[in-house]
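Enquirer: Got input36.cif for you, mmCIF, C-alpha atoms:
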```
data_my_file
#
loop_
_atom_site.label_atom_id
_atom_site.label_comp_id
_atom_site.auth_asym_id
_atom_site.auth_seq_id
_atom_site.Cartn_x
_atom_site.Cartn_y
_atom_site.Cartn_z
CA MET A 1 42.45 -153.05 -67.50
CA ARG A 2 43.46 -156.46 -68.77
CA SER A 3 42.84 -155.45 -72.33
CA THR A 4 44.93 -152.32 -71.81
CA PHE A 5 47.96 -154.38 -70.90
CA ARG A 6 47.35 -156.81 -73.69
CA ASP A 7 47.34 -153.91 -76.13
CA ALA A 8 50.45 -152.37 -74.60
CA ALA A 9 52.45 -155.57 -74.40
CA HIS A 10 54.46 -154.70 -77.46
CA LEU A 11 55.50 -151.48 -75.70
CA LEU A 12 56.20 -152.91 -72.25
CA ARG A 13 58.58 -155.58 -73.43
CA PRO A 14 61.01 -153.22 -75.20
CA ALA A 15 60.63 -150.83 -72.27
CA ALA A 16 61.67 -153.56 -69.84
CA LEU A 17 64.53 -154.49 -72.13
CA LEU A 18 65.63 -150.86 -72.24
CA LEU A 19 65.53 -150.61 -68.46
CA ILE A 20 67.60 -153.76 -68.05
CA GLY A 21 70.02 -152.43 -70.64
CA LEU A 22 70.26 -149.14 -68.77
CA ALA A 23 70.84 -150.93 -65.46
CA VAL A 24 73.60 -153.08 -66.98
CA PHE A 25 75.13 -149.98 -68.54
CA LEU A 26 75.15 -148.12 -65.23
CA VAL A 27 76.65 -151.07 -63.34
CA VAL A 28 79.38 -151.64 -65.91
CA ARG A 29 80.06 -147.90 -66.10
CA ALA A 30 80.44 -147.65 -62.33
CA ALA A 31 82.77 -150.65 -62.37
CA VAL A 32 85.14 -149.52 -65.13
CA ILE A 33 85.40 -145.77 -64.52
CA PRO A 34 88.26 -145.09 -62.12
CA LYS A 35 87.75 -143.12 -58.93
CA GLY A 36 87.66 -139.37 -59.40
CA PHE A 37 87.42 -139.55 -63.18
CA GLY A 38 85.59 -136.53 -64.56
CA LYS A 39 85.80 -134.38 -61.45
CA TYR A 40 87.62 -131.60 -63.32
CA GLY A 41 87.50 -132.97 -66.84
CA HIS A 42 88.02 -136.09 -68.89
CA TYR A 43 90.77 -137.56 -66.66
CA ARG A 44 91.50 -139.03 -63.22
CA ALA A 45 91.50 -136.16 -60.74
CA PRO A 46 93.54 -138.04 -58.07
CA PHE A 47 96.50 -138.13 -60.47
CA LEU A 48 97.04 -134.42 -59.81
CA GLU A 49 97.90 -135.34 -56.22
CA THR A 50 100.30 -138.04 -57.45
CA ALA A 51 102.02 -135.55 -59.76
CA ARG A 52 102.35 -133.08 -56.90
CA SER A 53 103.89 -135.53 -54.47
CA LYS A 54 107.06 -136.31 -56.43
CA PRO A 55 110.30 -135.63 -54.52
CA ILE A 56 112.30 -132.44 -55.09
CA HIS A 57 115.98 -132.61 -56.08
CA TYR A 58 116.94 -128.95 -56.39
CA ALA A 59 116.48 -127.19 -53.05
CA GLY A 60 116.75 -123.72 -54.57
CA GLN A 61 119.35 -121.09 -53.74
CA ASP A 62 117.32 -119.58 -50.89
CA ALA A 63 117.99 -122.80 -49.00
CA CYS A 64 121.75 -122.73 -49.65
CA VAL A 65 122.08 -119.09 -48.69
CA ALA A 66 120.46 -119.77 -45.33
CA CYS A 67 123.46 -121.88 -44.21
CA HIS A 68 126.38 -120.87 -46.44
CA ASP A 69 126.80 -117.26 -45.39
CA GLU A 70 130.32 -116.81 -46.66
CA GLU A 71 129.77 -118.12 -50.19
CA ALA A 72 126.46 -116.27 -50.40
CA LYS A 73 128.07 -112.93 -49.50
CA MET A 74 130.90 -113.49 -51.91
CA ARG A 75 128.59 -114.41 -54.73
CA ALA A 76 126.27 -111.47 -54.11
CA ALA A 77 129.22 -109.07 -54.52
CA GLY A 78 130.21 -110.32 -57.97
CA LYS A 79 128.87 -111.03 -61.42
CA HIS A 80 127.75 -114.54 -60.46
CA ALA A 81 125.16 -113.03 -58.11
CA LYS A 82 122.30 -114.39 -60.19
CA VAL A 83 123.89 -117.75 -60.99
CA ALA A 84 122.14 -120.29 -58.78
CA CYS A 85 124.36 -122.31 -56.43
CA GLU A 86 123.00 -125.54 -57.83
CA ALA A 87 123.65 -124.52 -61.44
CA CYS A 88 127.29 -125.18 -60.57
CA HIS A 89 126.95 -127.59 -57.64
CA GLY A 90 124.19 -129.81 -59.02
CA PRO A 91 121.04 -130.99 -57.23
CA GLN A 92 121.60 -130.71 -53.45
CA ALA A 93 118.14 -131.02 -51.89
CA GLN A 94 119.24 -134.05 -49.88
CA HIS A 95 122.29 -132.16 -48.61
CA ALA A 96 120.15 -129.13 -47.73
CA ASP A 97 117.73 -131.32 -45.78
CA ASP A 98 120.50 -133.00 -43.82
CA PRO A 99 124.02 -131.62 -44.49
CA THR A 100 125.76 -134.45 -42.68
CA SER A 101 124.08 -137.19 -44.72
CA LEU A 102 125.60 -136.06 -47.98
CA LYS A 103 128.68 -133.94 -48.54
CA PRO A 104 128.43 -132.50 -52.06
CA LYS A 105 131.18 -133.34 -54.52
CA LEU A 106 132.84 -130.13 -55.70
CA PRO A 107 132.28 -129.21 -59.36
CA ASP A 108 134.87 -130.11 -61.98
CA VAL A 109 136.22 -126.70 -63.00
CA ALA A 110 137.73 -128.11 -66.21
CA THR A 111 134.31 -128.38 -67.85
CA LEU A 112 132.17 -126.16 -65.61
CA CYS A 113 133.29 -122.68 -66.64
CA ALA A 114 133.70 -123.37 -70.35
CA ARG A 115 130.09 -124.53 -70.69
CA CYS A 116 128.95 -121.03 -69.87
CA HIS A 117 131.90 -118.93 -71.01
CA GLU A 118 133.28 -120.60 -74.17
CA LYS A 119 133.13 -118.14 -77.03
CA ASP A 120 130.21 -118.67 -79.40
CA PRO A 121 128.74 -116.16 -81.85
CA ALA A 122 125.27 -117.42 -80.89
CA LYS A 123 125.72 -116.02 -77.37
CA PRO A 124 124.49 -112.52 -76.61
CA ARG A 125 127.33 -110.12 -77.46
CA THR A 126 127.33 -108.54 -73.99
CA PHE A 127 127.97 -111.86 -72.25
CA PRO A 128 131.62 -112.25 -71.08
CA GLN A 129 133.20 -114.96 -73.24
CA VAL A 130 136.70 -116.30 -73.77
CA VAL A 131 138.30 -118.79 -76.14
CA THR A 132 139.44 -121.08 -73.34
CA ALA A 133 142.28 -122.61 -75.38
CA GLU A 134 143.90 -119.17 -75.71
CA HIS A 135 142.71 -117.48 -72.52
CA ASN A 136 144.18 -119.54 -69.72
CA ALA A 137 147.03 -121.46 -71.36
CA GLY A 138 146.13 -124.71 -69.63
CA ALA A 139 145.80 -123.32 -66.12
CA ALA A 140 142.60 -124.11 -64.22
CA CYS A 141 140.09 -121.28 -64.28
CA ASN A 142 140.03 -121.07 -60.47
CA ASP A 143 143.81 -120.57 -60.32
CA CYS A 144 143.00 -116.97 -61.13
CA HIS A 145 139.23 -116.49 -60.79
CA LYS A 146 137.33 -117.27 -57.61
CA PRO A 147 134.23 -119.21 -58.70
CA HIS A 148 131.96 -117.37 -56.27
CA ASN A 149 133.17 -113.98 -57.39
CA PRO A 150 135.19 -114.26 -60.61
CA HIS A 151 136.12 -110.61 -60.94
CA LEU A 152 139.81 -109.75 -61.31
CA ASP A 153 141.20 -106.24 -61.12
CA MET B 1 45.29 -146.74 -68.43
CA GLU B 2 46.16 -146.25 -72.03
CA MET B 3 49.87 -146.59 -72.74
CA ASN B 4 51.10 -145.08 -75.95
CA ARG B 5 54.38 -143.95 -77.45
CA ARG B 6 54.07 -140.47 -75.94
CA ASP B 7 53.75 -141.94 -72.42
CA LEU B 8 56.81 -144.05 -72.99
CA PHE B 9 58.83 -140.97 -73.96
CA ARG B 10 57.54 -139.15 -70.90
CA ILE B 11 58.54 -141.98 -68.56
CA GLY B 12 61.88 -142.31 -70.30
CA GLY B 13 62.48 -138.58 -69.92
CA LYS B 14 61.74 -138.69 -66.19
CA LEU B 15 64.09 -141.64 -65.77
CA LEU B 16 66.85 -139.70 -67.54
CA VAL B 17 66.37 -136.67 -65.28
CA LEU B 18 66.50 -138.95 -62.23
CA ALA B 19 69.66 -140.65 -63.45
CA SER B 20 71.47 -137.38 -64.15
CA ALA B 21 70.36 -135.95 -60.79
CA GLY B 22 71.82 -139.05 -59.17
CA ALA B 23 75.08 -138.63 -61.04
CA THR B 24 75.32 -134.96 -60.04
CA LEU B 25 74.60 -135.85 -56.42
CA GLU B 26 77.36 -138.43 -56.57
CA GLN B 27 79.75 -135.81 -57.89
CA ILE B 28 78.87 -133.34 -55.14
CA MET B 29 78.83 -135.83 -52.26
CA GLY B 30 81.65 -138.04 -53.47
CA SER B 31 84.27 -135.31 -53.93
CA GLU B 32 86.83 -135.20 -51.12
CA PRO B 33 87.63 -131.75 -49.69
CA ALA B 34 90.63 -129.79 -51.04
CA PRO B 35 93.56 -131.11 -49.02
CA GLU B 36 95.94 -128.15 -49.06
CA ALA B 37 96.39 -124.43 -49.43
CA TYR B 38 97.33 -124.55 -53.11
CA LYS B 39 94.23 -123.60 -55.11
CA MET B 40 94.34 -124.69 -58.73
CA ALA B 41 91.69 -122.15 -59.71
CA ASP B 42 94.02 -119.29 -58.69
CA HIS B 43 96.78 -120.16 -61.17
CA TRP B 44 97.37 -120.33 -64.90
CA TRP B 45 100.97 -121.30 -65.55
CA GLY B 46 103.19 -120.50 -68.49
CA MET B 47 106.71 -119.37 -69.29
CA ILE B 48 108.65 -116.54 -70.89
CA VAL B 49 111.80 -117.40 -72.85
CA ASP B 50 114.08 -114.49 -73.66
CA ILE B 51 116.16 -115.44 -76.73
CA ASP B 52 118.41 -112.41 -76.17
CA LYS B 53 119.57 -113.79 -72.83
CA CYS B 54 120.14 -117.49 -73.60
CA ILE B 55 123.84 -118.48 -73.62
CA GLY B 56 123.26 -122.13 -74.59
CA CYS B 57 124.96 -123.52 -71.46
CA GLY B 58 122.46 -126.36 -71.09
CA SER B 59 121.95 -125.77 -67.34
CA CYS B 60 118.20 -126.09 -67.88
CA VAL B 61 118.59 -129.43 -69.65
CA ARG B 62 120.77 -130.87 -66.88
CA ALA B 63 118.48 -129.49 -64.20
CA CYS B 64 115.40 -131.00 -65.86
CA SER B 65 117.12 -134.33 -66.33
CA ASN B 66 118.20 -134.51 -62.67
CA GLU B 67 114.95 -133.22 -61.23
CA ASN B 68 112.70 -135.54 -63.21
CA GLN B 69 114.94 -138.59 -63.84
CA VAL B 70 114.56 -138.15 -67.57
CA PRO B 71 116.03 -141.28 -69.23
CA ASN B 72 119.34 -140.88 -71.08
CA GLY B 73 118.93 -139.65 -74.64
CA TYR B 74 115.41 -138.30 -74.02
CA PHE B 75 114.59 -134.67 -73.29
CA ARG B 76 111.72 -132.74 -71.77
CA THR B 77 113.55 -129.54 -72.57
CA TRP B 78 116.46 -128.94 -74.92
CA VAL B 79 118.35 -126.06 -76.52
CA GLU B 80 118.83 -125.56 -80.26
CA ARG B 81 121.50 -123.43 -81.90
CA TYR B 82 120.27 -121.70 -85.04
CA GLU B 83 122.72 -120.48 -87.66
CA VAL B 84 120.77 -118.57 -90.27
CA PRO B 85 122.34 -117.48 -93.58
CA GLU B 86 121.21 -114.33 -95.33
CA GLY B 87 117.96 -115.04 -97.18
CA TYR B 88 116.83 -117.58 -94.61
CA VAL B 89 117.62 -120.57 -96.88
CA ASN B 90 118.43 -123.77 -95.00
CA PRO B 91 119.25 -122.59 -91.50
CA ILE B 92 121.62 -124.95 -89.67
CA VAL B 93 119.98 -126.22 -86.48
CA THR B 94 122.05 -128.22 -84.01
CA SER B 95 121.33 -129.60 -80.56
CA PRO B 96 124.04 -132.10 -79.57
CA GLU B 97 122.51 -134.41 -76.93
CA GLY B 98 119.84 -131.77 -76.38
CA ALA B 99 122.71 -129.46 -75.29
CA ILE B 100 122.88 -131.26 -71.95
CA ASN B 101 126.60 -130.42 -71.93
CA GLY B 102 126.26 -127.09 -73.70
CA PHE B 103 127.63 -126.57 -77.19
CA PRO B 104 131.12 -127.26 -78.52
CA LEU B 105 133.10 -124.48 -80.22
CA PRO B 106 131.17 -123.80 -83.45
CA LYS B 107 132.68 -123.87 -86.93
CA PRO B 108 133.19 -120.26 -87.94
CA THR B 109 130.48 -118.89 -90.25
CA ASN B 110 129.25 -115.38 -90.86
CA PHE B 111 125.65 -116.46 -90.29
CA LYS B 112 123.28 -114.91 -87.81
CA ALA B 113 123.31 -117.19 -84.78
CA PHE B 114 121.27 -117.58 -81.59
CA PHE B 115 119.98 -120.19 -79.15
CA VAL B 116 116.38 -121.33 -78.75
CA PRO B 117 115.44 -123.27 -75.62
CA LYS B 118 112.44 -125.52 -76.18
CA LEU B 119 109.98 -127.31 -73.95
CA CYS B 120 106.31 -128.24 -73.83
CA ASN B 121 104.28 -125.12 -74.60
CA HIS B 122 101.50 -126.15 -72.20
CA CYS B 123 98.91 -125.22 -74.78
CA ALA B 124 95.45 -124.37 -73.54
CA ASP B 125 93.89 -125.94 -76.63
CA SER B 126 96.35 -128.65 -77.41
CA PRO B 127 96.03 -131.31 -80.12
CA CYS B 128 97.89 -133.80 -77.89
CA THR B 129 95.16 -133.90 -75.25
CA GLN B 130 92.41 -134.03 -77.85
CA VAL B 131 93.63 -137.23 -79.49
CA CYS B 132 94.05 -139.29 -76.31
CA PRO B 133 91.57 -142.18 -76.53
CA VAL B 134 91.36 -142.79 -72.77
CA GLY B 135 91.75 -139.39 -71.10
CA ALA B 136 95.27 -140.08 -69.83
CA THR B 137 96.63 -136.71 -70.93
CA PHE B 138 94.88 -133.49 -70.14
CA VAL B 139 95.19 -129.82 -69.28
CA SER B 140 94.99 -129.41 -65.51
CA PRO B 141 92.75 -126.71 -64.02
CA ASP B 142 95.88 -124.58 -63.51
CA GLY B 143 96.96 -124.89 -67.13
CA VAL B 144 99.60 -127.63 -67.09
CA VAL B 145 99.53 -130.44 -69.66
CA LEU B 146 100.13 -133.70 -67.79
CA VAL B 147 100.21 -137.43 -68.57
CA ASP B 148 98.63 -139.86 -66.11
CA LYS B 149 101.19 -142.62 -66.49
CA GLU B 150 99.09 -145.20 -64.65
CA TYR B 151 96.27 -144.66 -67.13
CA CYS B 152 98.27 -144.18 -70.36
CA LEU B 153 98.08 -147.04 -72.86
CA GLY B 154 101.27 -146.09 -74.68
CA CYS B 155 99.49 -145.78 -78.03
CA ARG B 156 101.63 -142.76 -79.03
CA TYR B 157 98.80 -140.80 -80.69
CA CYS B 158 99.74 -137.76 -78.62
CA VAL B 159 103.43 -138.10 -79.52
CA GLN B 160 102.45 -137.70 -83.17
CA ALA B 161 99.89 -134.99 -82.47
CA CYS B 162 102.26 -132.62 -80.67
CA PRO B 163 103.35 -130.00 -83.23
CA TYR B 164 106.44 -129.20 -81.15
CA GLY B 165 107.91 -132.68 -80.67
CA CYS B 166 107.76 -132.43 -76.90
CA ARG B 167 106.61 -135.96 -76.07
CA TYR B 168 108.38 -139.32 -75.98
CA LEU B 169 107.65 -142.88 -74.97
CA HIS B 170 109.50 -143.69 -71.75
CA PRO B 171 111.67 -146.72 -72.59
CA GLU B 172 111.00 -148.46 -69.26
CA THR B 173 107.39 -147.69 -68.38
CA GLU B 174 106.34 -147.71 -72.08
CA THR B 175 104.01 -144.84 -71.33
CA VAL B 176 104.20 -141.32 -72.68
CA ASP B 177 106.32 -138.84 -70.76
CA LYS B 178 106.78 -135.10 -71.08
CA CYS B 179 107.50 -131.82 -69.32
CA THR B 180 105.25 -131.38 -66.27
CA LEU B 181 106.34 -127.77 -65.78
CA CYS B 182 107.75 -129.26 -62.54
CA TYR B 183 104.20 -129.60 -61.22
CA HIS B 184 105.63 -131.01 -57.96
CA ARG B 185 107.63 -127.79 -57.47
CA ILE B 186 105.32 -125.02 -58.70
CA THR B 187 102.45 -126.29 -56.57
CA LYS B 188 104.74 -125.91 -53.53
CA GLY B 189 105.77 -122.34 -54.29
CA LEU B 190 109.10 -123.19 -55.94
CA THR B 191 110.00 -122.36 -59.52
CA THR B 192 110.76 -125.06 -62.10
CA ALA B 193 114.17 -126.75 -62.05
CA CYS B 194 115.08 -125.21 -65.42
CA CYS B 195 114.17 -121.67 -64.35
CA GLU B 196 115.90 -122.11 -60.98
CA ASN B 197 119.16 -123.02 -62.69
CA CYS B 198 119.15 -120.65 -65.66
CA PRO B 199 122.17 -118.39 -64.98
CA THR B 200 120.89 -115.48 -67.08
CA GLN B 201 117.14 -115.66 -66.27
CA ALA B 202 116.47 -116.37 -69.94
CA ARG B 203 113.52 -118.52 -68.87
CA GLN B 204 110.99 -117.48 -66.29
CA LEU B 205 108.01 -119.32 -64.91
CA VAL B 206 104.95 -117.07 -64.99
CA ASP B 207 101.45 -117.19 -63.57
CA PHE B 208 98.99 -115.39 -65.81
CA LYS B 209 96.32 -115.32 -63.08
CA ASN B 210 98.58 -113.48 -60.65
CA PRO B 211 98.00 -109.76 -61.25
CA LYS B 212 101.38 -108.94 -59.65
CA ASP B 213 103.35 -111.29 -61.92
CA PRO B 214 105.93 -109.36 -63.99
CA VAL B 215 104.66 -111.24 -67.06
CA HIS B 216 101.91 -108.66 -67.64
CA GLU B 217 104.41 -105.79 -67.84
CA PHE B 218 106.73 -107.94 -69.95
CA LEU B 219 104.08 -108.82 -72.52
CA ARG B 220 103.02 -105.19 -72.72
CA THR B 221 106.54 -103.89 -73.41
CA HIS B 222 108.13 -106.62 -75.54
CA LYS B 223 107.58 -108.01 -78.99
CA VAL B 224 106.85 -111.64 -78.25
CA SER B 225 105.61 -114.63 -80.18
CA VAL B 226 104.69 -118.24 -79.57
CA LEU B 227 106.03 -121.13 -81.64
CA LYS B 228 103.87 -122.12 -84.63
CA PRO B 229 101.04 -119.63 -83.96
CA GLN B 230 99.33 -120.90 -87.12
CA MET B 231 98.54 -124.15 -85.29
CA ALA B 232 96.19 -122.21 -82.96
CA THR B 233 97.17 -124.35 -79.98
CA GLU B 234 97.04 -121.38 -77.58
CA ALA B 235 100.61 -122.03 -76.49
CA LYS B 236 101.57 -120.44 -73.18
CA VAL B 237 105.36 -120.27 -73.66
CA TYR B 238 106.12 -116.80 -75.00
CA TYR B 239 109.42 -116.12 -76.78
CA ASN B 240 110.94 -112.67 -76.76
CA ASN B 241 112.57 -111.62 -80.04
CA LEU B 242 111.86 -114.90 -81.80
CA ASP B 243 113.46 -115.00 -85.24
CA GLY B 244 111.33 -115.92 -88.24
CA ALA B 245 113.66 -118.82 -89.05
CA VAL B 246 112.67 -120.73 -85.90
CA ARG B 247 110.35 -123.68 -86.47
#
```
Turn the structure described in the file into structure tokens.

Expert:
Amino acid sequence: MRSTFRDAAHLLRPAALLLIGLAVFLVVRAAVIPKGFGKYGHYRAPFLETARSKPIHYAGQDACVACHDEEAKMRAAGKHAKVACEACHGPQAQHADDPTSLKPKLPDVATLCARCHEKDPAKPRTFPQVVTAEHNAGAACNDCHKPHNPHLD
Amino acid sequence: MEMNRRDLFRIGGKLLVLASAGATLEQIMGSEPAPEAYKMADHWWGMIVDIDKCIGCGSCVRACSNENQVPNGYFRTWVERYEVPEGYVNPIVTSPEGAINGFPLPKPTNFKAFFVPKLCNHCADSPCTQVCPVGATFVSPDGVVLVDKEYCLGCRYCVQACPYGCRYLHPETETVDKCTLCYHRITKGLTTACCENCPTQARQLVDFKNPKDPVHEFLRTHKVSVLKPQMATEAKVYYNNLDGAVR
């Protein structure tokens, strides 16, 4: 027995060293790897929850339509039917959550309409476009067109 | 007992098996239960961009900026106007302020012209995630390329690796920032801010794992392409009627 160990001493020592190394490795590894790392892949899984929990700023037009019957009906009847309320009115999630807390500022018609309707050969040919400088002779677009249903007969 | 090299290997092997079993056990036991109804495994997100519908109004850029507090002068999505002369030599590409206020009246040319909205292509096999030295950027199980900003070092490797120029270093946090495909919205059943506010439905969020999603019919009936297919990034933003001049 004794002679066995004496002969194996040169194997046991590196083995012990390896084991200690392994233990140190495991301890350090456990200490430096963040929680949830590697659950789905080479990243921190809990971050997905963080990314999901960010606040929303655009409520979506379904929310607006629920309260603003009149504008919704008007819009649905015209060519702006598919233009989202917030594309013109800006982010209104806070207003939709609590209408009294924030009264939305009305859009500035001077820049609003031209952004979509200014003539540009890069636009699809079927899209209604005007050269604003010639079309309205300085009058505001909503002097003639109603923003929620711009059609004129 | 005789101890030789073979025994040592055998013991070492058993130790390895034990260690990996322990690690697996930790993974099984340590994982917290899924907290909500949204199941990542049921989704694979992407987008369709219809060049024929884009009017270059910049509603998507404004929406993205407001929804995600994108710092001034940086863009997660932007719109380019292409003016392509006959023969495809030197197309003129403009994108004033990312088109956040649309485009001004163009100088008259007789070139072919069209708009190209751009954003992260949420590639399934993206070079940007492969170069990250710490695992701060990754493709989520539902196919969205995200940056863990608490884990990002700000080394910018991924900014250089992205073939589409979709990443930037956030000037305040000094970590990399990019389009999240509005992960906070799509996981709650809403569409992205850019798709919500596109007046012509030129961009549409799609879920490739949803058999009822119109994307399947669309891809079957339209001639689509991804940007830079030669990069083999498996981009998931499909462009309808993409012109050969677009880079």

Enquirer: CA of Asp142 in chain B to CA of Lys178 in chain B: how many Å, to one decimal?

Expert: 16.9 Å

Enquirer: Residues within 10 Å of Glu80 in chain B, please, as a PyMOL selection string. Count all atoms listed in the file; anything in the same chain fewer than 3 positions from it doesn't count.

Expert: chain B and resi 56+58+83+92-96+98-99+103+114-118+246

Enquirer: Next, dump the selected residues to file, keeping only C-alpha atoms, as a PDB file, in the coordinates of the input.

Expert:
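Below is the file that was written, part.pdb:
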```pdb
ATOM      1  CA  GLY B  56     123.260-122.130 -74.590  1.00  0.00           C
ATOM      2  CA  GLY B  58     122.460-126.360 -71.090  1.00  0.00           C
ATOM      3  CA  GLU B  83     122.720-120.480 -87.660  1.00  0.00           C
ATOM      4  CA  ILE B  92     121.620-124.950 -89.670  1.00  0.00           C
ATOM      5  CA  VAL B  93     119.980-126.220 -86.480  1.00  0.00           C
ATOM      6  CA  THR B  94     122.050-128.220 -84.010  1.00  0.00           C
ATOM      7  CA  SER B  95     121.330-129.600 -80.560  1.00  0.00           C
ATOM      8  CA  PRO B  96     124.040-132.100 -79.570  1.00  0.00           C
ATOM      9  CA  GLY B  98     119.840-131.770 -76.380  1.00  0.00           C
ATOM     10  CA  ALA B  99     122.710-129.460 -75.290  1.00  0.00           C
ATOM     11  CA  PHE B 103     127.630-126.570 -77.190  1.00  0.00           C
ATOM     12  CA  PHE B 114     121.270-117.580 -81.590  1.00  0.00           C
ATOM     13  CA  PHE B 115     119.980-120.190 -79.150  1.00  0.00           C
ATOM     14  CA  VAL B 116     116.380-121.330 -78.750  1.00  0.00           C
ATOM     15  CA  PRO B 117     115.440-123.270 -75.620  1.00  0.00           C
ATOM     16  CA  LYS B 118     112.440-125.520 -76.180  1.00  0.00           C
ATOM     17  CA  VAL B 246     112.670-120.730 -85.900  1.00  0.00           C
TER      18      VAL B 246
END
```

Enquirer: Show me a table, sorted first by chain and then by increasing residue number, of the residues of chain B having an atom at most 6 Å from chain A, each with its shortest atom pair and the distance in Å to one decimal, counting only C-alpha atoms and written as a tab-separated table.

Expert:
```
residue	atom	partner	partner_atom	distance
B:Ile55	CA	A:Lys123	CA	4.9
B:Cys57	CA	A:Cys116	CA	5.0
B:Glu67	CA	A:His57	CA	5.3
B:Gly102	CA	A:Arg115	CA	5.5
B:Ala113	CA	A:Ala122	CA	4.4
B:Phe114	CA	A:Ala122	CA	4.1
B:Gly135	CA	A:Tyr43	CA	4.9
B:Tyr183	CA	A:Arg52	CA	5.8
B:His184	CA	A:Arg52	CA	4.0
B:Asn197	CA	A:Ala87	CA	4.9
B:Pro199	CA	A:Val83	CA	4.4
```

Enquirer: Rank nothing, just name the residue among B:Val144, B:Leu105, B:Cys54, B:Ala124 nearest to Val79 in chain B, using only C-alpha atoms.

Expert: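 Of B:Val144, B:Leu105, B:Cys54, B:Ala124, the one nearest Val79 in chain B is B:Cys54, counting only C-alpha atoms.
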
Enquirer: Convert the output of the PyMOL selection byres ((chain A and resi 149) around 9) on the shown file into explicit residues, formatted as a list in words.

Expert: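 Applied to this file, the PyMOL selection byres ((chain A and resi 149) around 9) returns Glu71, Met74, Arg75, Ala76, Ala77, Gly78, Lys79, His80, Ala81, His145, Lys146, Pro147, His148, Pro150, His151 and Leu152 of chain A.
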
Enquirer: Using Å and a single decimal, report how far CA of Arg247 in chain B sits from CA of Lys228 in chain B.

Expert: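 Computing it gives 6.9 Å between the two atoms.
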
Enquirer: For each of B:Gly154, B:Arg76, B:Cys123, B:Gly189, take the minimum atom-to-atom distance to Val226 in chain B, counting all atoms listed in the file, then give the residue where this is smallest.

Expert: B:Cys123

Enquirer: Identify, on the basis of all atoms listed in the file, every residue whose closest approach to Leu242 in chain B does not exceed 7 Å; exclude the query and any residue fewer than 6 positions from it along the same chain; express the result as a PyMOL selection string.

Expert: chain B and resi 51+224-225

Enquirer: Create the file for the chosen residues now, containing C-alpha atoms and written as a PDB file, in the coordinates of the input.

Expert:
```pdb
ATOM      1  CA  ILE B  51     116.160-115.440 -76.730  1.00  0.00           C
ATOM      2  CA  VAL B 224     106.850-111.640 -78.250  1.00  0.00           C
ATOM      3  CA  SER B 225     105.610-114.630 -80.180  1.00  0.00           C
TER       4      SER B 225
END
```

Enquirer: Report, in Å to a single decimal, how far apart CA of Thr129 in chain B and CA of Thr175 in chain B are.

Expert: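 One can read the CA of Thr175 in chain B to CA of Thr129 in chain B distance as 14.6 Å.
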
Enquirer: I need the output of the PyMOL selection byres ((chain B and resi 148) around 8) for this file as JSON, numbers by chain; which residues are they?

Expert: {"A": [44, 47], "B": [136, 137, 146, 147, 149, 150, 151, 152]}

Enquirer: Within 8 Å of Cys179 in chain B, counting all atoms listed in the file, which residues qualify if same-chain residues fewer than 5 places away don't, as a list in words?

Expert: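 Here the qualifying residues turn out to be Arg76, Thr77, Leu119, Cys120, Leu146, Cys166 and Arg167 of chain B.
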
Enquirer: To test your reading of the syntax: which residues would the PyMOL selection byres ((chain B and resi 44-46) around 8) return for the file shown? Reply as a list in words.

Expert: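 Applied to this file, the PyMOL selection byres ((chain B and resi 44-46) around 8) selects Ala41, Asp42, His43, Met47, Ile48, Asn121, His122, Pro141, Asp142, Gly143, Val144, Leu205, Val206, Asp207, Phe208, Lys209, Lys236 and Val237 of chain B.
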
Enquirer: Can you tell me which residues surround Thr192 in chain B at a distance of at most 7 Å, considering all atoms listed in the file, apart from same-chain residues fewer than 2 positions away, and format the answer as JSON, numbers by chain?

Expert: {"B": [181, 182, 185, 186, 190, 194, 195, 196, 205]}

Enquirer: Please define a box with edges along x, y and z of the file around all atoms of range 154-172 of chain B given in the file, extend it by 6 Å on each side, and return its centre and edge lengths in Å to one decimal, as AutoDock Vina command-line options.

Expert:
```
--center_x 105.2 --center_y -138.8 --center_z -76.2 --size_x 24.9 --size_y 31.3 --size_z 26.0
```

Enquirer: Missing atoms in range 19-25 of chain A need filling: write out N, CA and C atoms for it as a PDB file, keeping the file's coordinate frame.

Expert:
```pdb
ATOM      1  N   LEU A  19      65.181-150.843 -69.866  1.00  0.00           N
ATOM      2  CA  LEU A  19      65.530-150.610 -68.460  1.00  0.00           C
ATOM      3  C   LEU A  19      66.652-151.525 -68.017  1.00  0.00           C
ATOM      4  N   ILE A  20      66.537-152.816 -68.410  1.00  0.00           N
ATOM      5  CA  ILE A  20      67.600-153.760 -68.050  1.00  0.00           C
ATOM      6  C   ILE A  20      68.919-153.313 -68.665  1.00  0.00           C
ATOM      7  N   GLY A  21      68.812-152.909 -69.946  1.00  0.00           N
ATOM      8  CA  GLY A  21      70.020-152.430 -70.640  1.00  0.00           C
ATOM      9  C   GLY A  21      70.631-151.256 -69.889  1.00  0.00           C
ATOM     10  N   LEU A  22      69.792-150.328 -69.474  1.00  0.00           N
ATOM     11  CA  LEU A  22      70.260-149.140 -68.770  1.00  0.00           C
ATOM     12  C   LEU A  22      70.932-149.531 -67.458  1.00  0.00           C
ATOM     13  N   ALA A  23      70.284-150.486 -66.739  1.00  0.00           N
ATOM     14  CA  ALA A  23      70.840-150.930 -65.460  1.00  0.00           C
ATOM     15  C   ALA A  23      72.211-151.563 -65.688  1.00  0.00           C
ATOM     16  N   VAL A  24      72.314-152.433 -66.693  1.00  0.00           N
ATOM     17  CA  VAL A  24      73.600-153.080 -66.980  1.00  0.00           C
ATOM     18  C   VAL A  24      74.637-152.018 -67.323  1.00  0.00           C
ATOM     19  N   PHE A  25      74.217-151.047 -68.147  1.00  0.00           N
ATOM     20  CA  PHE A  25      75.130-149.980 -68.540  1.00  0.00           C
ATOM     21  C   PHE A  25      75.661-149.238 -67.319  1.00  0.00           C
TER      22      PHE A  25
END
```
